[in-house]
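K.L.:
Could you have a look at this structure, given as structure tokens, before my questions?
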Amino acid sequence: MAFIDELSIYMKAGDGGDGVERWKHEKGREFAGPSGGDAGHGGDVYVRAVRDVHILIKYRHQKEFFAERGGDGGSDSFHGKNGEDFVLDLPIGSIVRNMRTGEEVSLLKEDEKVLVLKGGRGGYGNEHFKTSINRSPKEHIPGTKGFDAEFEIELQIVADIGFIGLPNAGKSSLLNTLTRASAKTADYAFTTLEPNLGECFGFIIADIPGLIEGASEGRGLGHKFLRHVKRTHMLAHLVSLENEDPLAVYETVRKELAAYDKELAEKQEIIVLTKTDMVTPERVEEVLKAMKKAHPNALAYFTISILDDEVMKSFQDELLKLLKAAA
């Protein structure tokens, strides 16, 4: 399934209906006073957070959205109907930017609903202006226009833990093993082009697109990769033991995170050395010892092979404990 994390759309709140000039008619009299009703208000525009990271795909071919116009006032003091509101569902983690005002809304919780455009006020009918002095007012007011704007929508995925690392670190394979996801994998330096999500006992795991050196300067996937890391609660830094110098690989990714945003470098992190089946047990212990010495502040350290069911069961149990403690 295609993944969309940026969208440009136009939205407009409903215009208010128009107030009208109407008169009561009685037998034998031309009229017996004003009866023009007030109009209904235009519908408002809201954005709402839903747990569907792919929902932006629905809007690929529809770029304009409108709330309903308010109904006009009627005879016999009839009040016009208020226009229906329009609610745009967006993935949790969306940033909605009003390009006219510069205002931004961030949707961080499921079912969070935020007003972004106010509908127009309904106009007044001539009955509204009746007073003891003016018993036959002819004044009536049209409704006001609803607000409108172009919007830029940017998705920053919210996940409990995000897998990061250079291409071919084993992120997609690990995600597939822990969850029911079906992330694409390959046996070469394959770079995931879009975030993949999976659920593990209620926790959301994100396989964040792989990154290359220089990503913080916009190379490769660059900022497209890094922005999805910002709202991930915890990071799992995967380093393949196939690399000649795993510590240098680890430090390359850490450097890119810190260069993009210092807060990223301060997120809680676990270090996972992957593909232990590709090297000797002695090499695994050597790299693990060196990693702990060079980077002692990680929450936990793991060595895994997705081909070893017993190791993977133990890793999943420990990972769930960490996620529950951080929740």
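Following the order of the structure tokens, first chain is A, next is B, and so on, with residues numbered from 1 inside each chain and ligands from 1 in the order they appear.
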Find the spatial neighbours of Tyr46 (chain A), counting only C-alpha atoms, within a cut-off of 9 Å - ignore same-chain residues fewer than 6 positions away - and output them as number ranges by chain.

P.N.:
A: 85-89, 113-118

K.L.:
Return as JSON lines the residues of region 220-277 of chain A lying at most 8 Å from region 142-165 of chain A, together with the closest atom-to-atom pair for each and the distance in Å to one decimal, counting only C-alpha atoms, with rows in chain order and ascending residue number.

P.N.:
{"residue": "A:Arg227", "atom": "CA", "partner": "A:Gln156", "partner_atom": "CA", "distance": 6.2}
{"residue": "A:His228", "atom": "CA", "partner": "A:Gln156", "partner_atom": "CA", "distance": 4.8}
{"residue": "A:Val229", "atom": "CA", "partner": "A:Gly162", "partner_atom": "CA", "distance": 6.9}
{"residue": "A:Lys230", "atom": "CA", "partner": "A:Gln156", "partner_atom": "CA", "distance": 7.3}
{"residue": "A:Arg231", "atom": "CA", "partner": "A:Val158", "partner_atom": "CA", "distance": 5.1}
{"residue": "A:Thr232", "atom": "CA", "partner": "A:Ala159", "partner_atom": "CA", "distance": 4.8}
{"residue": "A:His233", "atom": "CA", "partner": "A:Asp160", "partner_atom": "CA", "distance": 5.1}
{"residue": "A:Met234", "atom": "CA", "partner": "A:Ile161", "partner_atom": "CA", "distance": 4.6}
{"residue": "A:Leu235", "atom": "CA", "partner": "A:Gly162", "partner_atom": "CA", "distance": 4.9}
{"residue": "A:Ala236", "atom": "CA", "partner": "A:Phe163", "partner_atom": "CA", "distance": 4.9}
{"residue": "A:His237", "atom": "CA", "partner": "A:Ile164", "partner_atom": "CA", "distance": 5.1}
{"residue": "A:Leu238", "atom": "CA", "partner": "A:Gly165", "partner_atom": "CA", "distance": 5.2}
{"residue": "A:Val239", "atom": "CA", "partner": "A:Gly165", "partner_atom": "CA", "distance": 6.3}
{"residue": "A:Tyr250", "atom": "CA", "partner": "A:Gly165", "partner_atom": "CA", "distance": 7.5}
{"residue": "A:Val253", "atom": "CA", "partner": "A:Gly165", "partner_atom": "CA", "distance": 6.4}

K.L.:
Find the distance between CA of Asp38 (chain A) and CA of Gly123 (chain A) and write it in Å to one decimal.

P.N.:
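So the two atoms, CA of Asp38 (chain A) and CA of Gly123 (chain A), lie 5.9 Å apart.
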
K.L.:
What does the distance between CA of Asn126 (chain A) and CA of Glu139 (chain A) come to in Å, to one decimal place?

P.N.:
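These atoms are spaced 5.1 Å apart.
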
K.L.:
Report, in Å to a single decimal, how far apart CA of His79 (chain A) and CA of His41 (chain A) are.

P.N.:
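Result for CA of His41 (chain A) versus CA of His79 (chain A): 10.3 Å, one decimal.
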
K.L.:
Taking into account only C-alpha atoms, which residue in the set A:Thr274, A:Asn82, A:Ser240, A:Ser314 is nearest to Glu68 (chain A)?

P.N.:
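The shortest atom-to-atom distance to Glu68 (chain A) comes from A:Asn82.
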
K.L.:
Restricting the calculation to only C-alpha atoms, which member of A:Asp72, A:Asp207, A:Glu266, A:Glu199 is positioned closest to Leu174 (chain A)?

P.N.:
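Nearest candidate to Leu174 (chain A) out of A:Asp72, A:Asp207, A:Glu266, A:Glu199: A:Asp207.
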